[in-house]
Each structure stands twice: as structure tokens, then as C-alpha cells.
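This is model24.csv. It holds CSV, C-alpha atoms.
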chain,number,residue,atom,x,y,z
A,26,MET,CA,-18.2,-7.6,-7.2
A,27,ARG,CA,-20.1,-8.1,-10.5
A,28,VAL,CA,-18.9,-4.8,-11.8
A,29,PHE,CA,-15.3,-5.7,-10.9
A,30,LEU,CA,-15.5,-9.0,-12.8
A,31,VAL,CA,-17.0,-7.3,-15.9
A,32,ILE,CA,-14.3,-4.7,-15.9
A,33,LEU,CA,-11.5,-7.3,-15.4
A,34,PHE,CA,-12.9,-9.4,-18.3
A,35,PHE,CA,-13.0,-6.2,-20.4
A,36,ILE,CA,-9.3,-5.5,-19.6
A,37,SER,CA,-8.3,-9.1,-20.3
A,38,SER,CA,-10.1,-9.1,-23.6
A,39,ILE,CA,-8.3,-5.8,-24.7
A,40,THR,CA,-5.0,-7.2,-23.5
A,41,TYR,CA,-5.4,-10.4,-25.5
A,42,THR,CA,-6.6,-8.6,-28.6
A,43,HIS,CA,-3.6,-6.2,-28.5
A,44,ALA,CA,-1.2,-9.0,-27.8
A,45,GLN,CA,-2.1,-10.5,-31.2
A,46,LYS,CA,-0.8,-7.3,-32.9
A,47,LYS,CA,2.8,-7.6,-34.1
A,48,GLY,CA,5.3,-4.7,-34.1
A,49,TRP,CA,4.8,-1.0,-33.4
A,50,ASP,CA,5.5,2.3,-34.9
A,51,THR,CA,9.3,2.5,-34.9
A,52,THR,CA,9.3,6.2,-35.7
A,53,TYR,CA,7.9,6.7,-32.1
A,54,TYR,CA,10.0,4.2,-30.1
A,55,VAL,CA,12.5,1.4,-30.5
A,56,LYS,CA,13.7,-1.4,-28.4
A,57,HIS,CA,17.3,-1.7,-27.5
A,58,LYS,CA,18.9,-4.9,-28.8
A,59,ASP,CA,20.9,-5.6,-25.6
A,60,LYS,CA,18.5,-7.5,-23.3
A,61,LEU,CA,20.7,-7.5,-20.1
A,62,ILE,CA,20.5,-4.3,-18.2
A,63,ILE,CA,22.3,-3.8,-14.9
A,64,SER,CA,22.0,-0.7,-12.8
A,65,ILE,CA,22.7,0.6,-9.3
A,66,PHE,CA,20.5,3.0,-7.5
A,67,GLN,CA,20.1,5.3,-4.6
A,68,SER,CA,16.6,5.8,-3.3
A,69,TYR,CA,15.1,8.2,-0.8
A,70,ARG,CA,12.0,6.4,0.6
A,71,ASN,CA,9.2,7.5,2.9
A,72,TYR,CA,6.5,5.3,4.4
A,73,GLY,CA,3.9,6.8,6.7
A,74,MET,CA,0.7,6.0,8.5
A,75,GLY,CA,-1.7,8.8,9.5
A,76,LEU,CA,-4.4,8.2,12.1
A,77,SER,CA,-7.1,10.7,13.0
A,78,GLN,CA,-10.5,10.6,14.8
A,79,LYS,CA,-14.0,12.0,14.4
A,80,LEU,CA,-15.2,11.2,17.9
A,81,ILE,CA,-14.2,14.2,20.0
A,82,ASN,CA,-13.8,17.8,18.9
A,83,ASP,CA,-10.1,18.6,18.6
A,84,SER,CA,-9.6,22.2,17.3
A,85,ILE,CA,-5.8,22.0,17.5
A,86,ASN,CA,-5.5,18.6,15.9
A,87,GLN,CA,-3.6,17.3,19.0
A,88,SER,CA,-5.1,13.8,18.5
A,89,GLU,CA,-3.7,13.3,15.0
A,90,VAL,CA,-0.9,10.7,14.9
A,91,GLU,CA,1.5,10.5,12.0
A,92,TYR,CA,3.8,7.5,12.2
A,93,ILE,CA,6.9,7.6,10.0
A,94,ALA,CA,9.3,4.8,9.3
A,95,GLU,CA,12.9,6.0,9.6
A,96,SER,CA,14.1,4.2,6.4
A,97,ASN,CA,15.0,7.1,4.2
A,98,LEU,CA,18.1,6.3,2.3
A,99,VAL,CA,18.3,3.0,0.4
A,100,SER,CA,20.9,1.6,-1.9
A,101,GLY,CA,20.3,-1.3,-4.3
A,102,ILE,CA,20.8,-3.2,-7.5
A,103,GLU,CA,18.4,-3.7,-10.3
A,104,ILE,CA,18.6,-6.3,-13.0
A,105,ASN,CA,16.5,-6.4,-16.2
A,106,TYR,CA,16.6,-9.2,-18.7
A,107,ASP,CA,14.2,-9.1,-21.6
A,108,LYS,CA,10.8,-9.0,-20.0
A,109,PHE,CA,11.8,-9.7,-16.4
A,110,ASN,CA,12.9,-7.2,-13.8
A,111,PHE,CA,14.2,-7.8,-10.3
A,112,SER,CA,15.5,-5.4,-7.7
A,113,PHE,CA,16.6,-5.5,-4.1
A,114,GLY,CA,17.7,-2.8,-1.7
A,115,TRP,CA,19.2,-2.3,1.7
A,116,LYS,CA,18.8,0.6,4.2
A,117,ASN,CA,21.8,2.9,4.7
A,118,PRO,CA,22.8,3.6,8.4
A,119,SER,CA,20.9,6.5,9.9
A,120,ASN,CA,22.3,9.3,12.0
A,121,ASN,CA,18.9,10.0,13.6
A,122,VAL,CA,18.4,6.8,15.6
A,123,ALA,CA,18.5,8.6,19.0
A,124,LYS,CA,15.8,11.1,17.9
A,125,LYS,CA,13.7,9.0,15.6
A,126,GLY,CA,14.4,5.4,16.5
A,127,ASP,CA,15.5,2.5,14.3
A,128,THR,CA,13.4,1.0,11.6
A,129,LYS,CA,13.9,-2.6,10.4
A,130,TYR,CA,13.3,-2.5,6.7
A,131,ARG,CA,12.9,-5.0,3.8
A,132,ASN,CA,11.8,-4.4,0.2
A,133,LEU,CA,11.6,-6.8,-2.8
A,134,ASN,CA,10.2,-6.3,-6.3
A,135,LEU,CA,9.7,-8.7,-9.1
A,136,ASN,CA,8.1,-7.5,-12.3
A,137,ILE,CA,7.1,-9.3,-15.5
A,138,ASP,CA,6.4,-6.9,-18.3
A,139,GLY,CA,6.4,-6.1,-22.0
A,140,ASN,CA,5.4,-2.8,-23.5
A,141,ARG,CA,1.7,-3.3,-23.7
A,142,TRP,CA,1.2,-4.3,-20.1
A,143,LEU,CA,3.2,-4.7,-16.9
A,144,LEU,CA,2.7,-7.0,-13.9
A,145,GLU,CA,4.4,-5.5,-10.8
A,146,ASN,CA,4.8,-7.5,-7.6
A,147,SER,CA,6.2,-5.9,-4.4
A,148,TYR,CA,6.8,-6.8,-0.8
A,149,ARG,CA,7.5,-4.1,1.9
A,150,SER,CA,8.2,-4.6,5.6
A,151,TYR,CA,8.8,-2.0,8.3
A,152,LYS,CA,9.2,-2.4,12.0
A,153,GLY,CA,9.7,0.6,14.3
A,154,PHE,CA,8.0,4.1,13.8
A,155,TYR,CA,8.2,7.5,15.3
A,156,ASN,CA,5.3,10.0,15.6
A,157,LYS,CA,6.0,13.2,13.5
A,158,ASN,CA,3.3,15.0,15.5
A,159,THR,CA,5.0,14.5,18.9
A,160,SER,CA,5.3,18.3,19.5
A,161,ARG,CA,1.5,18.7,19.6
A,162,TYR,CA,1.2,16.9,23.0
A,163,ASP,CA,4.8,16.8,24.4
A,164,THR,CA,6.4,20.2,25.1
A,165,THR,CA,9.7,18.6,26.0
A,166,PHE,CA,10.2,17.9,22.2
A,167,PHE,CA,11.2,21.6,21.7
A,168,SER,CA,14.2,21.2,24.0
A,169,THR,CA,15.2,17.6,23.3
A,170,GLY,CA,14.2,17.1,19.6
A,171,ILE,CA,13.3,13.5,20.5
A,172,TYR,CA,10.2,12.1,18.9
A,173,ASP,CA,7.8,9.7,20.5
A,174,GLN,CA,8.8,6.3,19.3
A,175,ASN,CA,7.1,3.0,19.0
A,176,PRO,CA,9.5,0.2,18.0
A,177,ARG,CA,6.8,-2.5,18.3
A,178,ILE,CA,4.6,-1.3,15.4
A,179,SER,CA,5.2,-3.4,12.3
A,180,SER,CA,3.7,-3.1,8.8
A,181,GLU,CA,3.8,-5.6,6.0
A,182,SER,CA,2.5,-5.0,2.5
A,183,TYR,CA,2.1,-7.4,-0.5
A,184,LYS,CA,0.9,-5.8,-3.7
A,185,THR,CA,0.3,-7.0,-7.3
A,186,LYS,CA,-0.4,-4.3,-9.8
A,187,PHE,CA,-1.4,-4.7,-13.4
A,188,LEU,CA,-1.0,-1.8,-15.9
A,189,PHE,CA,-2.3,-1.8,-19.4
A,190,PHE,CA,-1.4,0.9,-21.9
A,191,THR,CA,-4.0,1.6,-24.7
A,192,ASN,CA,-1.5,3.3,-27.0
A,193,SER,CA,1.3,0.8,-27.0
A,194,ASN,CA,1.8,1.2,-30.7
A,195,LYS,CA,3.3,4.7,-30.1
A,196,PHE,CA,3.9,4.9,-26.4
A,197,SER,CA,6.6,3.1,-24.3
A,198,PHE,CA,6.2,3.4,-20.5
A,199,LYS,CA,9.3,1.4,-19.9
A,200,SER,CA,11.5,4.0,-21.7
A,201,GLY,CA,11.1,6.2,-18.6
A,202,TYR,CA,11.8,3.7,-15.9
A,203,SER,CA,14.0,0.8,-17.1
A,204,SER,CA,15.4,2.1,-20.4
A,205,SER,CA,15.0,-1.2,-22.3
A,206,TYR,CA,13.0,0.9,-24.8
A,207,HIS,CA,13.8,4.3,-26.2
A,208,GLN,CA,11.0,6.8,-26.9
A,209,LEU,CA,11.8,9.0,-30.0
A,210,LYS,CA,8.7,11.2,-30.1
A,211,THR,CA,6.3,12.7,-27.6
A,212,ALA,CA,3.3,10.4,-27.0
A,213,PHE,CA,0.4,9.9,-24.6
A,214,SER,CA,-1.5,6.8,-23.5
A,215,PHE,CA,-4.5,6.0,-21.3
A,216,VAL,CA,-3.7,3.5,-18.5
A,217,LEU,CA,-5.9,0.8,-17.1
A,218,SER,CA,-4.9,-0.7,-13.8
A,219,ALA,CA,-6.1,-3.7,-11.7
A,220,ASN,CA,-4.6,-4.2,-8.2
A,221,ILE,CA,-4.6,-6.7,-5.4
A,222,HIS,CA,-3.2,-5.6,-2.1
A,223,TYR,CA,-2.8,-7.0,1.4
A,224,ASN,CA,-1.6,-4.7,4.2
A,225,ARG,CA,-1.1,-5.8,7.8
A,226,VAL,CA,-0.3,-3.4,10.7
A,227,ASN,CA,0.2,-4.7,14.2
A,228,SER,CA,1.5,-3.8,17.6
A,229,ASP,CA,1.5,-5.5,21.0
A,230,SER,CA,0.1,-2.3,22.5
A,231,SER,CA,-2.3,0.5,21.4
A,232,PHE,CA,-1.5,2.4,18.2
A,233,PHE,CA,-2.2,5.6,20.0
A,234,PRO,CA,0.3,7.4,22.3
A,235,LEU,CA,-0.9,7.6,25.9
A,236,PRO,CA,-1.4,11.5,26.0
A,237,VAL,CA,-3.9,11.4,23.1
A,238,ARG,CA,-5.5,8.0,23.7
A,239,ARG,CA,-8.6,9.4,25.4
A,240,TYR,CA,-9.6,11.1,22.1
A,241,TYR,CA,-10.2,7.7,20.5
A,242,ASP,CA,-12.8,6.7,23.1
A,243,THR,CA,-13.9,3.1,22.6
A,244,HIS,CA,-11.2,2.6,19.9
A,245,GLN,CA,-8.3,3.5,22.1
A,246,SER,CA,-7.2,-0.2,22.5
A,247,LEU,CA,-6.9,-0.7,18.7
A,248,HIS,CA,-3.6,-2.5,18.0
A,249,GLY,CA,-4.1,-4.3,14.7
A,250,LEU,CA,-5.4,-3.6,11.2
A,251,ASN,CA,-5.4,-6.2,8.4
A,252,VAL,CA,-6.7,-5.1,5.0
A,253,PHE,CA,-7.3,-7.1,1.8
A,254,SER,CA,-8.3,-5.0,-1.1
A,255,PHE,CA,-8.7,-4.9,-4.9
A,256,SER,CA,-9.3,-2.1,-7.3
A,257,VAL,CA,-9.8,-1.4,-11.0
A,258,TYR,CA,-9.3,2.1,-12.2
A,259,GLY,CA,-7.5,4.2,-14.8
A,260,GLY,CA,-5.6,7.4,-15.7
A,261,GLY,CA,-3.0,8.6,-18.2
A,262,SER,CA,0.7,8.7,-18.9
A,263,LEU,CA,2.7,11.1,-21.0
A,264,ASN,CA,6.2,10.8,-22.5
A,265,LEU,CA,7.7,14.1,-23.4
A,266,VAL,CA,10.8,13.8,-25.6
A,267,LEU,CA,13.4,16.6,-26.0
A,268,TRP,CA,16.4,16.4,-28.3
A,269,LYS,CA,15.8,12.7,-28.9
A,270,HIS,CA,17.7,11.5,-25.8
A,271,LEU,CA,16.1,13.4,-23.0
A,272,LEU,CA,12.8,12.0,-21.7
A,273,MET,CA,10.2,13.1,-19.1
A,274,ASN,CA,7.3,10.9,-18.0
A,275,PHE,CA,4.2,11.8,-16.0
A,276,THR,CA,1.7,9.2,-14.9
A,277,LEU,CA,-1.4,9.5,-12.7
A,278,ILE,CA,-3.9,6.7,-12.0
A,279,ILE,CA,-6.6,6.9,-9.3
A,280,GLY,CA,-9.9,5.3,-8.5
A,281,PRO,CA,-12.2,3.4,-6.1
A,282,GLU,CA,-10.9,0.4,-4.1
A,283,GLU,CA,-12.9,-2.4,-2.4
A,284,GLN,CA,-11.5,-3.2,1.1
A,285,TRP,CA,-12.1,-6.0,3.6
A,286,ARG,CA,-10.7,-4.7,7.0
A,287,ASN,CA,-10.2,-6.6,10.2
A,288,TYR,CA,-9.8,-4.3,13.2
A,289,ASN,CA,-8.1,-5.9,16.2
A,290,TYR,CA,-8.4,-4.6,19.8
A,291,LEU,CA,-6.7,-5.5,23.0
A,292,ASP,CA,-10.2,-6.2,24.2
A,293,THR,CA,-10.7,-9.2,21.9
A,294,HIS,CA,-14.5,-9.1,21.9
A,295,LYS,CA,-14.4,-5.7,20.1
A,296,SER,CA,-12.5,-7.1,17.1
A,297,GLN,CA,-14.5,-6.9,13.9
A,298,THR,CA,-14.3,-7.3,10.1
A,299,LEU,CA,-15.9,-4.7,7.9
A,300,PHE,CA,-16.3,-4.0,4.1
A,301,TYR,CA,-15.7,-0.5,2.7
A,302,THR,CA,-15.3,1.2,-0.7
A,303,SER,CA,-12.5,3.7,-0.5
A,304,VAL,CA,-9.9,5.4,-2.8
A,305,SER,CA,-6.4,4.5,-3.8
A,306,GLY,CA,-4.0,5.5,-6.6
A,307,ASP,CA,-0.5,6.3,-7.5
A,308,PHE,CA,1.6,9.0,-9.2
A,309,ARG,CA,4.9,8.6,-11.1
A,310,ALA,CA,7.3,10.9,-12.8
A,311,SER,CA,10.6,10.4,-14.4
A,312,ILE,CA,13.4,12.3,-16.2
A,313,GLY,CA,16.2,10.6,-17.9
A,314,TYR,CA,19.0,10.6,-20.4
A,315,SER,CA,19.4,7.5,-22.6
A,316,HIS,CA,22.2,6.6,-25.0
A,317,LYS,CA,23.1,3.3,-26.8
A,318,HIS,CA,24.8,1.5,-23.9
A,319,PHE,CA,24.4,4.0,-21.0
A,320,PHE,CA,21.5,5.7,-19.2
A,321,MET,CA,20.7,7.8,-16.2
A,322,LEU,CA,17.3,8.1,-14.6
A,323,LEU,CA,15.7,10.2,-11.9
A,324,ASN,CA,12.2,9.2,-11.0
A,325,THR,CA,9.6,9.4,-8.3
A,326,THR,CA,6.8,7.0,-7.3
A,327,SER,CA,4.0,7.6,-4.8
A,328,ASP,CA,1.0,5.4,-3.9
A,329,PHE,CA,-1.6,5.6,-1.2
A,330,SER,CA,-4.5,3.7,0.3
A,331,TRP,CA,-7.2,5.5,2.4
A,332,TYR,CA,-8.9,3.4,5.1
A,333,ASN,CA,-11.6,5.9,6.0
A,334,ALA,CA,-14.3,4.9,8.5
A,335,SER,CA,-17.1,6.8,10.3
A,336,GLN,CA,-15.0,7.3,13.5
A,337,ILE,CA,-11.4,6.7,12.6
A,338,THR,CA,-9.3,7.5,9.5
A,339,PHE,CA,-6.2,5.6,8.6
A,340,LEU,CA,-4.1,6.8,5.6
A,341,SER,CA,-1.2,4.5,4.4
A,342,ARG,CA,1.1,6.3,2.0
A,343,TYR,CA,4.5,5.4,0.3
A,344,GLY,CA,6.8,7.6,-1.7
A,345,ALA,CA,10.2,7.2,-3.2
A,346,VAL,CA,12.7,9.2,-5.2
A,347,ASN,CA,15.2,7.1,-7.2
A,348,PHE,CA,18.4,7.8,-9.0
A,349,LEU,CA,19.7,5.1,-11.3
A,350,ILE,CA,22.9,4.7,-13.4
A,351,GLY,CA,22.8,1.7,-15.7
A,352,ALA,CA,24.5,-0.1,-18.6
A,353,ARG,CA,23.1,-2.3,-21.4
A,354,ILE,CA,25.3,-5.3,-21.8
A,355,PRO,CA,25.4,-7.5,-24.9
A,356,ALA,CA,24.2,-11.0,-23.9
A,357,LYS,CA,22.8,-13.7,-26.2
A,358,PRO,CA,19.9,-15.7,-24.8
A,359,GLY,CA,20.6,-19.4,-24.1
A,360,LYS,CA,19.0,-22.3,-25.9
A,361,LEU,CA,16.4,-22.9,-23.2
A,362,TYR,CA,15.4,-19.2,-23.1
A,363,ARG,CA,15.1,-19.1,-26.9
A,364,LYS,CA,12.6,-21.9,-26.7
A,365,PHE,CA,10.7,-20.0,-24.1
A,366,GLN,CA,10.6,-17.0,-26.5
A,367,ASN,CA,8.8,-19.1,-29.0
A,368,THR,CA,5.9,-20.0,-26.7
A,369,LYS,CA,2.4,-18.4,-26.9
A,370,PHE,CA,2.7,-17.2,-23.3
A,371,TYR,CA,5.8,-15.2,-24.1
A,372,LYS,CA,4.4,-13.6,-27.2
A,373,LYS,CA,1.3,-12.4,-25.3
A,374,PHE,CA,3.6,-9.8,-23.6
Representation of the structure as C-alpha cells:
Amino acid sequence: MRVFLVILFFISSITYTHAQKKGWDTTYYVKHKDKLIISIFQSYRNYGMGLSQKLINDSINQSEVEYIAESNLVSGIEINYDKFNFSFGWKNPSNNVAKKGDTKYRNLNLNIDGNRWLLENSYRSYKGFYNKNTSRYDTTFFSTGIYDQNPRISSESYKTKFLFFTNSNKFSFKSGYSSSYHQLKTAFSFVLSANIHYNRVNSDSSFFPLPVRRYYDTHQSLHGLNVFSFSVYGGGSLNLVLWKHLLMNFTLIIGPEEQWRNYNYLDTHKSQTLFYTSVSGDFRASIGYSHKHFFMLLNTTSDFSWYNASQITFLSRYGAVNFLIGARIPAKPGKLYRKFQNTKFYKKF
């Protein structure tokens, strides 16, 4: 805990120091004058939860459970104004309900950012999963193609992520993801990240399908897992510029995560709260074309949290591929917003 506070203080100090610096190297990137950016997007999203055990020898991995949320294709709208970003999406109808079940899905994002650092806030909710590994214990799958489904499993996730870029004088992360900035030359930056995450997974029955439940021995009645975690780690981000208007970004950050887990069993006396140090991180990549009033972006994001224990492993992972088409719209800020722009809080971004 002490190490976390020291590192957090170190990051805050760096952020504050850099926030006092004015301007940046305009030969490397520029900021578009139009502050209002509206875009529409199509997103292919995948959320999964993998469970496995270390209790009983299982040479064919029959006991491994891989729950997938059938919420693949999402459409939405994203609105950027100056330093604020908001997006919301809705799931497109699926043609696989009979085979994979139906997932109830919600996703909201609210980001506050500048070019030196970003504060990302997200909420994800899923209800209804199917087991991708059904064929390992149910031979009828090969004739029917119907997966074992559990519509009662629900997962909710709240996450706040802080990103700080050490080379903000020459590097613009936003140029690869929201196009409010335009990177002109190739540049690299180290990235520092601090995260707070709450993940709740629950069901009114055991997480494990009946045919494989015996493998989990004393844990076979597990039906809830609540995790609160924080992490401080780092990585790097590269903007590769071709022909001035074509940009590719690659970002990888990974490191240790401190987790408080509450395991809930149908036999209530077995429920327990434990503390672990595990691993989490995320990977992002983007390719886009940016012009004065128009841009197109194709990007992918992936993050994971590993809830590893001595007897059971739980891996939560999320991935998305997004395609955006957007326009920058001339819009002058109102009187009230101009006053906000003159505040010390605003200038620290």
C-alpha cells in the first residue's frame, strides 16, 4: 500500500509539473481549431470470462469453462467537445440467439482529457452468457450446434483509468483515437497508468455447468465473485506517421494489480474475502486518416484482469474493434465555458 501511495504521489507531481509548461512542439503535432467533433461508430466487441481448476487432474481440459457474452456488434455515437468525451452504444440484433442465447448489454464511457493525461471512466454490464467449451462435455453439440447457456449470470464493471504521457511535448495520443489533435511526425512516449476497478459477477446458481462441476470439488457451489482492485504500472505508445495524414498507433501497458476478492458460495458459511497481487493491462492499436474537417479511424482495444488463486483461476477479458467516421464542426464556446477555460483546473489539463 505504501509503495502504491509513493508511486501515485510521484505521478501526481510529474503531472502537475508538466501541466505548468505551456505549448508544445508544433512541428510534431497540432490541435484542430474546431472543438466540436461528432462521429458515428460500429464496434465488434467481445467480453469473456474463463474459469479453470487446479484441484483434479484433467488431461483433456474438460473442466475449463469459457463464458462469452453474445454482444458482438454495437452501433453508437461519440461526441467530443474540447477536453470532454462522451459515447454511448447499443447492441445490434443477433442472428445466433437460438444457439448462443441472448445477452442484455449496456456500455457507457465518459472521459476527461488533454494531451498530457487522460482520465477514462467506463461502465459495462452484461447478463446472459454461453459456454464456448460446450463440445468438451456435451457430444450433442456436434449435431445441434447449440451451446450450453446460462442466462442468469450477470457481470458489472466500473473502471477509472488514468494515463500520463511523458513526451507530451512531441507526442499526441488523442490523434490516434479522437482526432482532436493531428500528429505530423513519428513520435514515441512512455505511459504511466493508475487504475481503480470494481467487477461484480453473480448468478443464482453455480458458475460451473453440471457435467464438469465435480472437478471443482469444494468450490463447485461458487456463484459470486466481487473484486475491487487498483494498480499502478506503465508501458509505451508509438505514433507512426505516413504521408502526413495517415497515422498508426501502438500502445501496450501492463503491470501488477492489487485485488480484494469476495468469493460467494451457495453454502454461505464458505464465503470469504481474500487479498491477492495479480496482473492486469491493456493493448491498443489504431490506424486512421485525418483531414481538416473529416476523419476515419479503425482501432482496437483489449484489457484483461487475471484473478488467479491456488485452486481456481478466473480470467476476465474485454476486446473491441471500432470503426469511426467523424466530422469536426466549427462551434464557438459560450460565455460560461470561456470562463471555465480560464480557471486553474482547466489549465492543468
| request: Would you mind listing what lies within 6 Å of stretch 204-214 of chain A as a list in words, with only C-alpha atoms counted and same-chain residues fewer than 6 positions away left out? | output: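 Listing them by chain and then by number gives Tyr53, Tyr54, Val55, Lys56, His57, Thr191, Asn192, Phe196, Gly261, Ser262, Leu263, Asn264, Leu265, Val266 and Lys269 of chain A.
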| message | For a quick check of your reading of the model, name the residues lying within 12 Å of the coordinate (16.0, 18.6, -24.0), counting all atoms listed in the file, and write them as a VMD selection string. | response | chain A and resid 211 265 to 273 312 to 315
| Gap from atom CA of A:Phe300 to atom CA of A:Arg286 - Å, one decimal |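 That distance, rounded to one decimal, is 6.3 Å.
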| task | Give as JSON, numbers by chain each residue that has an atom at most 9 Å from (7.0, -9.9, -4.2) in the file, counting all atoms listed in the file. | result | {"A": [132, 133, 134, 135, 136, 145, 146, 147, 148, 149, 183, 184, 185]}
Residue subset to file, keeping C-alpha atoms, as a PDB file, in the coordinates of the input:
ATOM      1  CA  ASN A 132      11.800  -4.400   0.200  1.00  0.00           C
ATOM      2  CA  LEU A 133      11.600  -6.800  -2.800  1.00  0.00           C
ATOM      3  CA  ASN A 134      10.200  -6.300  -6.300  1.00  0.00           C
ATOM      4  CA  LEU A 135       9.700  -8.700  -9.100  1.00  0.00           C
ATOM      5  CA  ASN A 136       8.100  -7.500 -12.300  1.00  0.00           C
ATOM      6  CA  GLU A 145       4.400  -5.500 -10.800  1.00  0.00           C
ATOM      7  CA  ASN A 146       4.800  -7.500  -7.600  1.00  0.00           C
ATOM      8  CA  SER A 147       6.200  -5.900  -4.400  1.00  0.00           C
ATOM      9  CA  TYR A 148       6.800  -6.800  -0.800  1.00  0.00           C
ATOM     10  CA  ARG A 149       7.500  -4.100   1.900  1.00  0.00           C
ATOM     11  CA  TYR A 183       2.100  -7.400  -0.500  1.00  0.00           C
ATOM     12  CA  LYS A 184       0.900  -5.800  -3.700  1.00  0.00           C
ATOM     13  CA  THR A 185       0.300  -7.000  -7.300  1.00  0.00           C
TER      14      THR A 185
END
Would you pick out the contacts of A:Gln297 at 8 Å or less, using only C-alpha atoms, so that residues sharing its chain but fewer than 3 positions from it are not included, and give the list as a PDB file with C-alpha atoms, keeping the file's coordinate frame?
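Resulting contents of result_0.pdb:
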ATOM      1  CA  ASN A 287     -10.200  -6.600  10.200  1.00  0.00           C
ATOM      2  CA  TYR A 288      -9.800  -4.300  13.200  1.00  0.00           C
ATOM      3  CA  ASN A 289      -8.100  -5.900  16.200  1.00  0.00           C
TER       4      ASN A 289
END
| query | For A:Pro236, which residue among A:Asn140, A:Asn110, A:Ser160, A:Gln336 is the nearest when counting all atoms listed in the file? | reply |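 Under the stated criterion, the closest residue is A:Ser160.
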Write out as a tab-separated table (two decimals) with C-alpha atoms, in the frame of the given file which residues come within 7 Å of stretch 239-254 of chain A when counting all atoms listed in the file, dropping same-chain ones fewer than 4 positions away.
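The resulting out-v9.tsv:
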chain	number	residue	atom	x	y	z
A	78	GLN	CA	-10.50	10.60	14.80
A	80	LEU	CA	-15.20	11.20	17.90
A	81	ILE	CA	-14.20	14.20	20.00
A	88	SER	CA	-5.10	13.80	18.50
A	221	ILE	CA	-4.60	-6.70	-5.40
A	222	HIS	CA	-3.20	-5.60	-2.10
A	223	TYR	CA	-2.80	-7.00	1.40
A	224	ASN	CA	-1.60	-4.70	4.20
A	225	ARG	CA	-1.10	-5.80	7.80
A	226	VAL	CA	-0.30	-3.40	10.70
A	227	ASN	CA	0.20	-4.70	14.20
A	228	SER	CA	1.50	-3.80	17.60
A	229	ASP	CA	1.50	-5.50	21.00
A	230	SER	CA	0.10	-2.30	22.50
A	231	SER	CA	-2.30	0.50	21.40
A	232	PHE	CA	-1.50	2.40	18.20
A	233	PHE	CA	-2.20	5.60	20.00
A	282	GLU	CA	-10.90	0.40	-4.10
A	283	GLU	CA	-12.90	-2.40	-2.40
A	284	GLN	CA	-11.50	-3.20	1.10
A	285	TRP	CA	-12.10	-6.00	3.60
A	286	ARG	CA	-10.70	-4.70	7.00
A	287	ASN	CA	-10.20	-6.60	10.20
A	288	TYR	CA	-9.80	-4.30	13.20
A	289	ASN	CA	-8.10	-5.90	16.20
A	290	TYR	CA	-8.40	-4.60	19.80
A	291	LEU	CA	-6.70	-5.50	23.00
A	292	ASP	CA	-10.20	-6.20	24.20
| message | Ranking A:Leu299, A:Leu361, A:Ile350, A:Ile85 by minimum distance to A:Ser335 and counting only C-alpha atoms, which one comes first? | response |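 Selected residue with least distance to A:Ser335: A:Leu299.
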| task | Give me, please, the distance in Å between atom CA of A:Phe166 and atom CA of A:Gly75, quoted to one decimal. | result |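 Going from atom CA of A:Phe166 over to atom CA of A:Gly75, I get 19.6 Å.
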| query | From the set A:Ser303, A:Ser180, A:Thr368, A:Thr326, which residue has the shortest atom-to-atom contact distance to A:Gly73, counting only C-alpha atoms? | reply | A:Ser180
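Considering the residues A:Ser182, A:Ser341, A:Asn324, A:Ser203 and counting all atoms listed in the file, A:Arg353 has its shortest atom-to-atom contact with A:Ser203.
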| message | If I take atom CA of A:Gly114 and atom CA of A:Ser64, how far is one from the other in Å, to one decimal? | response |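 Going from atom CA of A:Gly114 over to atom CA of A:Ser64, I get 12.1 Å.
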| said: Considering only C-alpha atoms, can you say which of A:Asp107, A:Asp307, A:Asp328, A:Asp163 comes closest to A:Ile354? | reply: A:Asp107
| Using all atoms listed in the file, which residues sit within 8 Å of A:Phe308 once same-chain residues fewer than 3 positions away are excluded, as a list in words? |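 What passes the distance filter is Phe275, Thr276, Leu277, Ile278, Thr326, Ser327 and Asp328 of chain A.
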| query | Between A:Gln87, A:Asn71, A:Ser150, A:Gln174, which has the minimum distance to A:Lys124 (counting only C-alpha atoms)? | reply |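 With only C-alpha atoms as the atom set, the closest residue is A:Gln174.
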| Which polymer residues have any atom within 12 Å of an atom of A:Asn175, counting only C-alpha atoms, with same-chain residues fewer than 3 positions away left out, as an MDAnalysis selection string? | chainID A and resid 90:95 124:128 151:157 159 172 178:179 227:235
